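Peer 1: Could you have a look at this structure, given as structure tokens, before my questions?
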Amino acid sequence: MNETSNRVVIGMDPHKRSVTIEVMTTDETVIGGDRFGTDEAGLADLRRYVSQLRPRVEDRVWAIEGCNGIGHHVAVRLLAAGEEVVDVPPKLSARMRVFATGQGRKTDATDAHSVALVDTRIAGLRPVVNDEQLAVLRVLVDRRRSLGEDHTRMTSQVHQLLLELIPGGAKRDLSAAQAKKLVAGVRPRDAAGKIRRRVAAELVGDLERVYARKKAADKELTELLTATDTSLMDLPGIGPTGAARLLVEVGDITRFPDRGHFASWNGTAPIDASSGDHVRHRLSRAGNRQINRILHTMAVVQLRNPGLGRDYYDRKQADGKSSMEAMRCLKRSPVRHRVPHHARRRPQPDHEREGDGPGRTTGKRL
């Protein structure tokens with residue numbers, strides 16, 4: 001934040017029904033703090049309290065922990081009221097809490113204090129913007145994910161019931177139509193078997209409805225993605241759900257200084273685990289796991305089909321890498337060379353050249 005004497009930061013630890021704040025000046029002097037509700041009256045009291053502090057708080061910024069998570073509902077309401085809001089990653093506030101207190105014990109007050117300290121000491125925090133386009137995509141892609149989870153759960157239940165109704169059960173990749181045909185051909189005589197058949201028939205009906213909703217959701221996401229002018233779906237191995245999730249989680253791709261930062265954020269950058277003369281790197285299990293999963297799916301699809309991705313994988317194995325190491329290289333390759341460019345919602349000219357990786361682009365910028 002800017003180092004001006006009359007500017008203050010309001011660190012906030014948000015929850016569903018309450019928020020705890022601490023008001024701090026640029027020289028880290030605490031001038032206020034309290035707990036407020038998140039209903040309409042509580043937020044009005046919160047803004048009134050901050051405005052009435054002495055000295056007068058006019059030039060202010062709200063630092064909120066987890067604006068993409070539990071703090072989102074408060075952040076968007078403050079934005080709508082004309083306030084300036086920045087997002088404080090939970091990892092930063094956790095580290096600051098340890099540095100400031102010497103221990104990691106949490107209270108709402110210490111969390112708010114740590115969030116405020118992050119903003120006063122660390123430059124470059126991401127300002128929160130009220131992007132309606134991304135907000136709509138977030139709601140729909142979250143709904144699409146829940147539909148997929150429902151489909152998987154109900155399919156597993158159908159498999160379990162069919163295993164008890166039919167010797168050997170059903171095949172692994174079972175569609176709703178195939179399950180319906182199998183259930184129709186079963187005529188159990190015992191009471192438990194009749195109940196199993198009835199429940200299986202109900203689940204098959206639910207599966208058909210969920211499948212229809214999934215198709216409708218995919219169609220709606222595709223139309224919205226087309227309106228954003230993104231070219232993510234041109235990449236092999238990524239569909240409307242993955243493309244929408246990438247846009248929602250990444251937001252503004254230019255917030256990453258380079259491709260290395262982007263790879264570290266999504267967990268595809270290897271971690272140096274060298275010791276002495278033994279140089280090695282290990283798999284990172286940090287980063288955004290939702291994006292990591294999408295990139296893994298992309299790599300698997302590229303590996304199964306002939307093309308640049310498969311050629312790149314074979315070349316890495318020929319260089320002496322194991323299958324897992326080559327797979328990790330393939331997984332990170334689109335992160336280095338293709339995803340950052342296509343994640344732009346207003347695409348720029350793509351200058352491609354030959355290089356070590358499928359679809360490599362020139363330049364150090366994302």
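Residues in the structure tokens are numbered from 1 in each chain, the chains being A, B, ... in the order shown, and ligands are numbered from 1 in the order shown.
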Name the residues in contact with A:Leu163 at a cut-off of 12 Å, using only C-alpha atoms, excluding same-chain residues fewer than 4 positions from it; report them as a list in words.

Peer 2: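 Once the nearby chain positions are removed, what remains is Ser156, Gln157, Val158, His159, Pro167, Gly168, Gly169, Ala170, Lys171, Arg172, Ala179, Leu182, Val183, Val186, Gly193, Arg196, Arg197 and Ala200 of chain A.
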
Peer 1: Quick one: residues within 9 Å of A:Arg97, only C-alpha atoms counted, chain neighbours fewer than 6 positions away excluded, as a PyMOL selection string?

Peer 2: chain A and resi 103-106+110-111+113-115+117

Peer 1: Could you take the residues named above and write them with C-alpha atoms, as a PDB file, in the first residue's frame?

Peer 2:
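out-v9.pdb written:
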```pdb
ATOM      1  CA  GLN A 103       3.397 -18.704  18.085  1.00  0.00           C
ATOM      2  CA  GLY A 104       0.633 -19.929  15.839  1.00  0.00           C
ATOM      3  CA  ARG A 105      -2.366 -19.821  18.168  1.00  0.00           C
ATOM      4  CA  LYS A 106      -5.397 -18.277  16.534  1.00  0.00           C
ATOM      5  CA  THR A 110      -4.955 -11.915  16.245  1.00  0.00           C
ATOM      6  CA  ASP A 111      -6.082 -12.960  12.770  1.00  0.00           C
ATOM      7  CA  HIS A 113      -4.121  -7.994  13.379  1.00  0.00           C
ATOM      8  CA  SER A 114      -2.066 -10.317  11.155  1.00  0.00           C
ATOM      9  CA  VAL A 115      -4.128  -9.445   8.073  1.00  0.00           C
ATOM     10  CA  LEU A 117       0.150  -6.257   9.144  1.00  0.00           C
TER      11      LEU A 117
END
```

Peer 1: Using DSSP on the backbone coordinates, identify all residues within stretch 94-227 of chain A classified as helix (DSSP H, G or I); present the result as an MDAnalysis selection string.

Peer 2: chainID A and resid 94:101 108:121 132:165 176:184 191:227

Peer 1: Find the distance between atom CA of A:Pro90 and atom CA of A:Val118 and write it in Å to one decimal.

Peer 2: 10.3 Å
